[in-house]
>>> print(open('target-v6.cif').read())   # mmCIF, C-alpha atoms and all ligand atoms
data_entry
loop_
_atom_site.label_atom_id
_atom_site.label_comp_id
_atom_site.auth_asym_id
_atom_site.auth_seq_id
_atom_site.Cartn_x
_atom_site.Cartn_y
_atom_site.Cartn_z
CA MET A 1 -1.08 -18.74 -8.43
CA SER A 2 -4.24 -20.82 -8.66
CA LYS A 3 -5.47 -21.38 -12.27
CA ASN A 4 -8.82 -19.67 -11.97
CA ASN A 5 -7.44 -16.54 -10.38
CA THR A 6 -8.62 -13.20 -11.73
CA VAL A 7 -6.29 -10.25 -12.17
CA PHE A 8 -7.76 -6.76 -12.42
CA ARG A 9 -5.81 -3.84 -13.81
CA PRO A 10 -8.03 -0.78 -13.25
CA ARG A 11 -6.95 2.36 -15.09
CA ASP A 12 -8.18 4.89 -12.55
CA LEU A 13 -9.79 5.23 -9.14
CA LYS A 14 -13.29 5.16 -10.62
CA GLU A 15 -12.66 1.79 -12.25
CA LEU A 16 -10.92 0.47 -9.12
CA ASP A 17 -13.89 1.37 -6.94
CA ARG A 18 -16.32 -0.18 -9.46
CA ILE A 19 -14.35 -3.47 -9.41
CA ILE A 20 -14.43 -3.50 -5.61
CA GLU A 21 -18.17 -2.73 -5.61
CA GLN A 22 -19.13 -5.35 -8.20
CA ASN A 23 -17.01 -8.30 -7.09
CA VAL A 24 -17.02 -10.52 -4.04
CA PRO A 25 -14.02 -10.30 -1.68
CA PRO A 26 -11.41 -11.39 -0.73
CA PHE A 27 -9.25 -9.13 -2.86
CA THR A 28 -5.47 -9.05 -2.91
CA PHE A 29 -4.21 -5.55 -3.59
CA VAL A 30 -0.76 -5.63 -5.13
CA ALA A 31 1.68 -2.78 -5.82
CA GLY A 32 5.40 -3.64 -6.13
CA ALA A 33 4.84 -7.23 -4.89
CA THR A 34 8.17 -7.11 -3.04
CA ASP A 35 6.50 -8.33 0.14
CA LEU A 36 3.75 -10.42 -1.46
CA MET A 37 5.96 -12.50 -3.75
CA VAL A 38 8.22 -13.63 -0.92
CA GLN A 39 5.19 -14.71 1.14
CA THR A 40 5.04 -17.75 -1.15
CA GLU A 41 1.96 -19.51 0.23
CA ARG A 42 -0.08 -16.34 0.39
CA TRP A 43 1.00 -15.32 -3.10
CA ARG A 44 0.01 -18.74 -4.52
CA ALA A 45 -3.36 -18.60 -2.82
CA ALA A 46 -4.05 -14.95 -3.70
CA ALA A 47 -7.51 -14.46 -5.21
CA ASN A 48 -8.88 -11.48 -7.15
CA LEU A 49 -5.57 -9.72 -7.55
CA ILE A 50 -5.98 -5.99 -8.04
CA ASP A 51 -2.91 -4.31 -9.50
CA LEU A 52 -2.72 -0.82 -8.01
CA THR A 53 0.19 0.22 -10.24
CA SER A 54 -2.23 0.50 -13.17
CA VAL A 55 -4.39 3.04 -11.28
CA SER A 56 -3.14 6.36 -12.64
CA GLU A 57 -3.89 8.47 -9.54
CA LEU A 58 -2.18 6.00 -7.19
CA HIS A 59 0.84 5.49 -9.41
CA GLU A 60 1.37 9.06 -10.66
CA THR A 61 0.46 11.44 -7.81
CA LEU A 62 3.63 12.97 -6.37
CA GLY A 63 3.86 16.64 -5.51
CA VAL A 64 2.50 19.63 -3.66
CA LYS A 65 -1.26 19.96 -3.18
CA ASP A 66 -3.14 22.18 -0.68
CA SER A 67 -0.23 23.02 1.72
CA SER A 68 1.03 19.46 1.79
CA VAL A 69 2.94 16.90 -0.22
CA ARG A 70 0.69 14.17 -1.60
CA ILE A 71 2.10 10.81 -2.66
CA GLY A 72 0.12 8.05 -4.37
CA ALA A 73 0.24 4.78 -2.45
CA ALA A 74 1.61 2.94 -5.51
CA VAL A 75 4.44 5.36 -6.37
CA PRO A 76 7.73 3.42 -6.17
CA TYR A 77 10.41 4.57 -3.72
CA SER A 78 12.87 5.42 -6.49
CA ARG A 79 10.53 8.12 -7.83
CA ILE A 80 10.12 9.56 -4.33
CA ILE A 81 13.92 9.60 -3.90
CA LYS A 82 14.43 11.41 -7.21
CA ASN A 83 11.59 13.92 -6.82
CA SER A 84 13.00 17.44 -6.35
CA VAL A 85 10.06 18.72 -4.28
CA VAL A 86 10.21 15.78 -1.85
CA ARG A 87 14.00 16.10 -1.61
CA GLU A 88 13.67 19.74 -0.67
CA LEU A 89 10.69 19.54 1.70
CA LEU A 90 10.96 16.03 3.15
CA PRO A 91 14.64 14.99 3.30
CA ILE A 92 13.93 12.56 6.18
CA LEU A 93 11.48 10.63 3.98
CA VAL A 94 14.01 10.50 1.15
CA GLU A 95 16.64 9.17 3.58
CA ALA A 96 14.30 6.38 4.79
CA CYS A 97 13.38 5.40 1.21
CA ARG A 98 17.07 5.27 0.29
CA GLN A 99 17.70 2.80 3.10
CA ILE A 100 14.95 0.39 2.03
CA GLY A 101 16.24 -2.82 0.44
CA SER A 102 18.27 -2.18 -2.71
CA VAL A 103 17.83 -0.19 -5.91
CA GLN A 104 15.79 -3.08 -7.33
CA ILE A 105 13.45 -3.08 -4.32
CA GLN A 106 13.22 0.73 -4.44
CA ASN A 107 12.21 0.53 -8.12
CA ARG A 108 9.17 -1.57 -7.20
CA GLY A 109 8.36 -1.14 -3.49
CA THR A 110 5.84 1.46 -2.36
CA LEU A 111 4.75 3.34 0.75
CA GLY A 112 1.26 1.81 0.44
CA GLY A 113 2.78 -1.68 0.51
CA ASN A 114 5.04 -0.84 3.46
CA ILE A 115 2.08 0.48 5.46
CA ALA A 116 -0.39 -2.30 4.55
CA ASN A 117 2.20 -5.03 5.13
CA ALA A 118 2.28 -3.76 8.74
CA SER A 119 5.70 -5.06 9.71
CA PRO A 120 7.03 -3.51 12.94
CA ALA A 121 10.31 -3.22 10.97
CA GLY A 122 8.79 -1.21 8.08
CA ASP A 123 11.28 1.60 7.59
CA SER A 124 8.89 4.27 6.33
CA LEU A 125 6.50 3.96 9.27
CA PRO A 126 8.40 5.85 12.05
CA VAL A 127 9.22 8.58 9.53
CA LEU A 128 5.56 8.97 8.51
CA ALA A 129 4.73 9.13 12.23
CA VAL A 130 7.13 12.02 13.00
CA LEU A 131 6.00 13.80 9.83
CA ASP A 132 2.41 13.54 11.14
CA ALA A 133 1.29 12.05 7.80
CA ASN A 134 -2.35 11.53 6.95
CA ILE A 135 -3.11 8.21 5.33
CA TRP A 136 -6.05 8.37 2.91
CA ILE A 137 -8.02 5.17 2.72
CA GLY A 138 -10.36 4.34 -0.18
CA PRO A 139 -12.88 3.80 -1.59
CA ALA A 140 -13.98 7.38 -1.08
CA ARG A 141 -17.59 7.87 0.02
CA ASN A 142 -19.28 10.92 -1.50
CA GLY A 143 -15.84 12.06 -2.63
CA LYS A 144 -14.33 11.77 0.87
CA PHE A 145 -11.57 9.35 1.83
CA THR A 146 -11.23 7.96 5.35
CA ILE A 147 -8.20 9.65 6.90
CA LYS A 148 -6.05 8.03 9.61
CA LYS A 149 -2.67 8.60 11.21
CA ILE A 150 -0.03 5.94 10.64
CA ASP A 151 -0.17 4.63 14.23
CA GLU A 152 -3.93 4.12 13.90
CA ILE A 153 -3.58 1.77 10.93
CA MET A 154 -1.39 -1.02 12.25
CA THR A 155 -2.95 -3.03 15.07
CA GLY A 156 -0.15 -5.60 15.46
CA PRO A 157 2.47 -7.39 13.35
CA GLY A 158 0.85 -8.01 9.93
CA GLN A 159 -2.49 -6.65 11.16
CA THR A 160 -4.28 -3.46 10.11
CA ILE A 161 -7.65 -1.81 10.48
CA LEU A 162 -8.19 -2.04 6.70
CA GLY A 163 -11.42 -3.80 5.76
CA GLU A 164 -11.32 -6.34 2.94
CA LYS A 165 -12.63 -3.75 0.44
CA GLN A 166 -10.35 -0.94 1.64
CA TYR A 167 -7.05 0.18 0.19
CA ILE A 168 -4.51 2.88 0.94
CA ALA A 169 -4.85 5.60 -1.67
CA PHE A 170 -2.59 8.52 -0.74
CA ILE A 171 -0.06 9.62 1.84
CA GLU A 172 -0.46 13.30 2.64
CA ILE A 173 2.32 15.07 4.54
CA PRO A 174 1.70 18.60 5.83
CA PHE A 175 4.30 21.31 5.29
CA HIS A 176 6.60 21.78 8.27
CA GLU A 177 8.43 24.86 9.46
CA ARG A 178 11.94 24.62 7.97
CA GLU A 179 13.60 27.31 10.08
CA GLY A 180 15.70 25.58 12.78
CA GLN A 181 14.55 22.12 11.69
CA PHE A 182 16.73 19.09 12.45
CA TRP A 183 16.03 15.50 11.50
CA ALA A 184 17.55 12.03 11.45
CA PHE A 185 16.59 8.55 10.30
CA ARG A 186 18.80 5.71 11.47
CA LYS A 187 18.47 2.02 10.89
CA VAL A 188 20.48 -0.80 12.42
CA GLY A 189 20.53 -4.04 10.45
CA GLN A 190 22.67 -7.08 9.88
CA ARG A 191 24.37 -5.52 6.86
CA SER A 192 24.59 -2.04 5.37
CA ALA A 193 22.25 -2.96 2.49
CA LEU A 194 19.34 -5.34 1.94
CA ALA A 195 18.81 -5.65 5.67
CA ILE A 196 15.54 -5.73 7.59
CA SER A 197 15.84 -3.40 10.58
CA LYS A 198 16.78 -4.77 14.00
CA LEU A 199 15.69 -1.30 15.04
CA ASN A 200 15.09 2.04 13.43
CA LEU A 201 14.64 5.53 14.79
CA ALA A 202 13.20 8.72 13.30
CA VAL A 203 13.74 12.11 14.92
CA LEU A 204 12.27 15.41 13.75
CA GLY A 205 12.59 18.63 15.72
CA TRP A 206 13.04 22.36 15.78
CA LEU A 207 15.63 24.52 17.56
CA ASN A 208 15.35 28.17 18.45
CA ASP A 209 18.44 29.85 19.95
CA GLY A 210 19.78 26.45 21.01
CA ILE A 211 16.50 25.55 22.78
CA VAL A 212 14.50 22.54 21.58
CA LYS A 213 11.19 24.12 20.58
CA ASP A 214 9.67 20.78 19.64
CA ILE A 215 10.84 17.23 19.00
CA ARG A 216 9.19 14.03 17.79
CA ILE A 217 10.87 10.65 18.24
CA CYS A 218 9.51 7.38 16.86
CA SER A 219 11.07 3.91 16.84
CA GLY A 220 10.35 0.79 14.83
CA SER A 221 11.15 -2.88 15.32
CA VAL A 222 11.51 -2.55 19.11
CA ALA A 223 7.85 -3.29 19.95
CA PRO A 224 4.94 -5.00 18.15
CA GLN A 225 4.16 -1.62 16.59
CA ILE A 226 5.95 1.65 15.91
CA ASN A 227 6.13 3.89 18.98
CA ARG A 228 6.22 7.64 19.54
CA HIS A 229 8.37 8.31 22.63
CA ARG A 230 6.47 11.14 24.23
CA ARG A 231 8.15 10.93 27.64
CA THR A 232 11.59 11.09 26.03
CA GLU A 233 10.41 14.01 23.90
CA GLU A 234 9.13 15.74 27.04
CA ILE A 235 12.59 15.59 28.65
CA LEU A 236 14.12 17.45 25.70
CA ARG A 237 11.33 19.92 24.86
CA ASP A 238 11.91 23.58 25.84
CA LYS A 239 15.44 22.80 27.10
CA LYS A 240 18.97 23.55 26.00
CA PRO A 241 20.42 20.06 25.57
CA ASP A 242 23.64 19.17 27.39
CA GLU A 243 25.27 15.84 28.25
CA LYS A 244 23.16 15.39 31.37
CA LEU A 245 19.87 16.01 29.58
CA ILE A 246 20.83 13.70 26.71
CA GLU A 247 21.70 10.99 29.26
CA GLN A 248 18.24 11.40 30.84
CA ALA A 249 16.60 11.12 27.42
CA CYS A 250 18.57 7.94 26.62
CA GLN A 251 17.60 6.39 29.96
CA MET A 252 13.96 7.21 29.26
CA ILE A 253 13.86 5.73 25.76
CA ARG A 254 15.32 2.48 27.18
CA ARG A 255 12.28 2.35 29.46
CA GLU A 256 9.80 3.41 26.79
CA ILE A 257 10.52 0.58 24.35
CA SER A 258 9.47 -3.04 24.72
CA PRO A 259 11.63 -5.08 22.35
CA ILE A 260 11.62 -8.84 22.01
CA SER A 261 14.39 -11.32 21.19
CA ASP A 262 13.94 -12.89 17.75
CA ILE A 263 16.02 -14.21 14.85
CA ARG A 264 17.35 -10.74 14.08
CA SER A 265 18.40 -9.60 17.55
CA THR A 266 18.10 -9.91 21.33
CA GLU A 267 15.92 -7.80 23.57
CA GLU A 268 18.90 -6.34 25.47
CA TYR A 269 20.82 -5.49 22.27
CA ARG A 270 17.80 -3.63 20.91
CA ARG A 271 17.22 -1.75 24.17
CA HIS A 272 20.87 -0.73 24.51
CA THR A 273 21.36 0.15 20.84
CA THR A 274 18.16 2.22 20.55
CA ALA A 275 19.41 4.41 23.41
CA GLU A 276 22.88 4.66 21.83
CA VAL A 277 21.45 5.57 18.42
CA LEU A 278 19.40 8.32 20.06
CA ARG A 279 22.50 9.53 21.93
CA ASP A 280 24.45 9.65 18.67
CA ILE A 281 21.70 11.58 16.87
CA LEU A 282 21.38 14.11 19.71
CA TYR A 283 25.14 14.65 20.05
CA GLN A 284 25.50 15.17 16.30
CA THR A 285 22.50 17.46 16.11
CA PHE A 286 23.46 19.70 18.97
CA ALA A 287 27.15 19.81 18.04
CA ILE A 288 26.04 21.48 14.81
CA TYR A 289 24.63 24.29 16.89
CA ASP A 290 27.87 24.80 18.87
CA LEU A 291 26.69 23.68 22.28
C1 LIG B 1 15.04 -8.23 -0.59
C2 LIG B 1 14.06 -7.37 0.17
C3 LIG B 1 14.53 -6.33 0.96
C4 LIG B 1 13.64 -5.53 1.68
N1 LIG B 1 14.14 -4.53 2.44
C5 LIG B 1 13.29 -3.75 3.17
C6 LIG B 1 13.80 -2.71 3.99
O1 LIG B 1 15.01 -2.46 4.07
N2 LIG B 1 12.90 -1.96 4.69
C7 LIG B 1 11.55 -2.19 4.65
O2 LIG B 1 10.77 -1.49 5.29
N3 LIG B 1 11.04 -3.18 3.84
C8 LIG B 1 11.87 -3.95 3.12
N4 LIG B 1 11.37 -4.96 2.32
C9 LIG B 1 9.93 -5.17 2.29
C10 LIG B 1 9.20 -4.46 1.11
O3 LIG B 1 10.06 -4.18 0.04
C11 LIG B 1 8.52 -3.16 1.56
O4 LIG B 1 7.65 -3.41 2.66
C12 LIG B 1 7.75 -2.48 0.43
O5 LIG B 1 7.42 -1.17 0.80
C13 LIG B 1 6.46 -3.21 0.06
O6 LIG B 1 5.84 -2.47 -0.97
P1 LIG B 1 5.21 -3.22 -2.23
O7 LIG B 1 4.57 -2.18 -3.07
O8 LIG B 1 6.18 -4.11 -2.89
O9 LIG B 1 4.08 -4.10 -1.49
P2 LIG B 1 3.34 -5.44 -2.00
O10 LIG B 1 4.26 -6.61 -1.86
O11 LIG B 1 2.71 -5.21 -3.33
O12 LIG B 1 2.20 -5.52 -0.91
C14 LIG B 1 2.53 -5.71 0.45
C15 LIG B 1 1.23 -5.90 1.26
O13 LIG B 1 0.46 -4.72 1.22
C16 LIG B 1 -0.78 -4.90 0.52
N5 LIG B 1 -0.90 -3.66 -0.26
C17 LIG B 1 0.00 -3.13 -1.13
N6 LIG B 1 -0.40 -1.89 -1.49
C18 LIG B 1 -1.57 -1.67 -0.85
C19 LIG B 1 -2.46 -0.54 -0.83
N7 LIG B 1 -2.20 0.60 -1.49
N8 LIG B 1 -3.58 -0.64 -0.09
C20 LIG B 1 -3.83 -1.79 0.64
N9 LIG B 1 -3.04 -2.85 0.64
C21 LIG B 1 -1.90 -2.79 -0.08
C22 LIG B 1 -0.64 -6.18 -0.24
O14 LIG B 1 -1.88 -6.85 -0.40
C23 LIG B 1 0.29 -6.97 0.68
O15 LIG B 1 -0.42 -7.50 1.75
C24 LIG B 1 12.24 -5.77 1.59
C25 LIG B 1 11.76 -6.81 0.77
C26 LIG B 1 12.66 -7.61 0.06
C27 LIG B 1 12.13 -8.71 -0.82
#
>>> encode(input="target-v6.cif", output="structure tokens")
Amino acid sequence: MSKNNTVFRPRDLKELDRIIEQNVPPFTFVAGATDLMVQTERWRAAANLIDLTSVSELHETLGVKDSSVRIGAAVPYSRIIKNSVVRELLPILVEACRQIGSVQIQNRGTLGGNIANASPAGDSLPVLAVLDANIWIGPARNGKFTIKKIDEIMTGPGQTILGEKQYIAFIEIPFHEREGQFWAFRKVGQRSALAISKLNLAVLGWLNDGIVKDIRICSGSVAPQINRHRRTEEILRDKKPDEKLIEQACQMIRREISPISDIRSTEEYRRHTTAEVLRDILYQTFAIYDL
């Protein structure tokens, strides 16, 4: 870090917003620093560091509020994983958090950091998309936060709509019908731990008498941004899935993604494997219901 850098450790949202108001940007918001510290040049050059883990509301909020689960942007993954309410109401989110990095990364890393880092491979992002999460962006104006959906925040790899004075404050996830609910989060990486996703897939849906009432499918790491697969969803919605229908859905998701070849994987591998992961999820899900 440069010698004359300033580090702010606001105790609450009021103090955080005052610091932002009274100082000149750029600011570097930091939570777990698991992304920032490995971006060595950026970390060295970081000016006006603002530690969000000292902000009580952002670090402590985790629980039910107004028919939804609210999670502070600076709550570490390990607390989300251990939280009994989240485990009961949002098992898909717990599963994604469990698959992020290692225990050490989970003890420091946060949803706010995953969202603001805006990697197409961010594992929480497809899950927050299928859960229809609301992302609360501060500072609040007249007590009101700006609220966006996850796919409105990232504009490209490493790029977001966040202004230089804006930060992610809370992640709010509405309650979902639990009757007939099925879900899956799958990630394909180089290894079974500490691996950045070559691709990931989140599926959340509801069955009624063996018919798919609704389904949401979102992928990560197979396009510059996460992607809801609405045409694939359409094939499955209001139908009783069988092998033929699942094959149609797999063909469609192959067409709906636009992966690239990079150091982690090739375009064709990603296209093929995304379809196979979807097939596996659908076979497992519908086998449970004796089809
Ligand atoms: C060894 C290793 C393994 C990893 N494995 C995975 C993995 O499996 N899956 C995965 O998705 N990621 C992985 N990561 C990446 C990283 O751990 C996650 O993206 C994590 O969620 C980042 O959270 P953080 O709090 O540490 O963010 P930080 O590093 O503190 O911040 C990341 C970025 O977000 C900004 N920021 C942080 N919080 C906010 C906020 N509330 N508002 C606005 N801006 C903010 C920072 O300025 C910075 O630009 C891994 C990283 C490492 C080092």
>>> closest_atom_pairs(input="target-v6.cif", of="chain A", to="ligand LIG 1 (chain B)", cutoff="7 Å", atoms="only C-alpha atoms and all ligand atoms", output="CSV")
residue,atom,partner,partner_atom,distance
A:Thr28,CA,B:LIG1,O14,4.9
A:Phe29,CA,B:LIG1,O14,4.2
A:Val30,CA,B:LIG1,O11,3.9
A:Ala31,CA,B:LIG1,O11,3.6
A:Gly32,CA,B:LIG1,O8,3.4
A:Ala33,CA,B:LIG1,O10,3.1
A:Thr34,CA,B:LIG1,O8,3.6
A:Asp35,CA,B:LIG1,O10,3.5
A:Leu36,CA,B:LIG1,O10,3.9
A:Met37,CA,B:LIG1,O10,6.4
A:Val38,CA,B:LIG1,C27,6.3
A:Leu52,CA,B:LIG1,N7,6.7
A:Ala73,CA,B:LIG1,N7,4.9
A:Ala74,CA,B:LIG1,N7,6.0
A:Gln99,CA,B:LIG1,O1,6.0
A:Ile100,CA,B:LIG1,O1,3.5
A:Gly101,CA,B:LIG1,N1,3.4
A:Ser102,CA,B:LIG1,C3,6.7
A:Ile105,CA,B:LIG1,O3,5.6
A:Arg108,CA,B:LIG1,O8,5.8
A:Gly109,CA,B:LIG1,O8,3.7
A:Thr110,CA,B:LIG1,O7,3.9
A:Leu111,CA,B:LIG1,O5,5.2
A:Gly112,CA,B:LIG1,N7,4.1
A:Gly113,CA,B:LIG1,O9,3.4
A:Asn114,CA,B:LIG1,O5,3.6
A:Ile115,CA,B:LIG1,O13,6.9
A:Ala116,CA,B:LIG1,O13,4.2
A:Asn117,CA,B:LIG1,C15,4.1
A:Ala121,CA,B:LIG1,O2,6.0
A:Gly122,CA,B:LIG1,O2,3.4
A:Asp123,CA,B:LIG1,O2,3.9
A:Ser124,CA,B:LIG1,O2,6.1
A:Gln166,CA,B:LIG1,C20,6.7
A:Tyr167,CA,B:LIG1,N8,3.6
A:Ile168,CA,B:LIG1,N8,3.8
A:Ala169,CA,B:LIG1,N7,5.7
A:Leu194,CA,B:LIG1,C3,5.0
A:Ala195,CA,B:LIG1,O1,5.2
A:Ile196,CA,B:LIG1,O1,4.8
A:Ser197,CA,B:LIG1,O1,6.6
>>> closest_residue(input="target-v6.cif", among="A:Ala184, A:Asp17, A:Gln22, A:Ser219", to="Val94 (chain A)", atoms="only C-alpha atoms")
A:Ala184
>>> atom_distance(input="target-v6.cif", atom1="CA of Arg230 (chain A)", atom2="CA of Arg216 (chain A)")
7.6 Å
>>> closest_residue(input="target-v6.cif", among="A:Glu172, A:Glu88, A:Glu95, A:Glu57", to="Ile71 (chain A)", atoms="all atoms listed in the file")
A:Glu172
>>> residues_around(input="target-v6.cif", residues="Ser221 (chain A)", least_positions_apart="3", cutoff="8 Å", atoms="all atoms listed in the file", output="PyMOL selection string")
chain A and resi 120-122+197-200+224-226+259
>>> residues_around(input="target-v6.cif", residues="Glu234 (chain A)", least_positions_apart="5", cutoff="9 Å", atoms="only C-alpha atoms", output="list in words")
Asp214, Ile215, His229 and Ala249 of chain A
>>> closest_atom_pairs(input="target-v6.cif", of="region 32-84 of chain A", to="region 126-145 of chain A", cutoff="12 Å", atoms="all atoms listed in the file", output="JSON lines")
{"residue": "A:Leu58", "atom": "CA", "partner": "A:Gly138", "partner_atom": "CA", "distance": 10.9}
{"residue": "A:Ser68", "atom": "CA", "partner": "A:Ala133", "partner_atom": "CA", "distance": 9.5}
{"residue": "A:Val69", "atom": "CA", "partner": "A:Ala133", "partner_atom": "CA", "distance": 9.5}
{"residue": "A:Arg70", "atom": "CA", "partner": "A:Asn134", "partner_atom": "CA", "distance": 9.5}
{"residue": "A:Ile71", "atom": "CA", "partner": "A:Ile135", "partner_atom": "CA", "distance": 9.9}
{"residue": "A:Gly72", "atom": "CA", "partner": "A:Trp136", "partner_atom": "CA", "distance": 9.5}
{"residue": "A:Ala73", "atom": "CA", "partner": "A:Trp136", "partner_atom": "CA", "distance": 9.0}
>>> residues_around(input="target-v6.cif", residues="region 270-279 of chain A", least_positions_apart="6", cutoff="8 Å", atoms="all atoms listed in the file", output="MDAnalysis selection string")
chainID A and resid 186 198:201 222 246:247 250:251 253:254 257:259
>>> closest_residue(input="target-v6.cif", among="A:Leu204, A:Pro26, A:Lys187, A:Cys97", to="Thr285 (chain A)", atoms="all atoms listed in the file")
A:Leu204
>>> residues_around(input="target-v6.cif", residues="Thr160 (chain A)", least_positions_apart="2", cutoff="10 Å", atoms="all atoms listed in the file", output="compact mmCIF listing (two decimals) with C-alpha atoms, in the frame of the given file")
# COMPACT_ATOMS: atom_id res chain seq x y z
CA ILE A 115 2.08 0.48 5.46
CA ALA A 116 -0.39 -2.30 4.55
CA ASN A 117 2.20 -5.03 5.13
CA ALA A 118 2.28 -3.76 8.74
CA ASP A 151 -0.17 4.63 14.23
CA GLU A 152 -3.93 4.12 13.90
CA ILE A 153 -3.58 1.77 10.93
CA MET A 154 -1.39 -1.02 12.25
CA THR A 155 -2.95 -3.03 15.07
CA GLY A 156 -0.15 -5.60 15.46
CA PRO A 157 2.47 -7.39 13.35
CA GLY A 158 0.85 -8.01 9.93
CA LEU A 162 -8.19 -2.04 6.70
CA GLY A 163 -11.42 -3.80 5.76
>>> closest_residue(input="target-v6.cif", among="A:Ala223, A:Leu13, A:Leu89, A:Ile161", to="His176 (chain A)", atoms="only C-alpha atoms")
A:Leu89
>>> atom_distance(input="target-v6.cif", atom1="CA of Gly220 (chain A)", atom2="CA of Ala202 (chain A)")
8.6 Å
>>> atom_distance(input="target-v6.cif", atom1="CA of His59 (chain A)", atom2="CA of Gln39 (chain A)")
23.2 Å
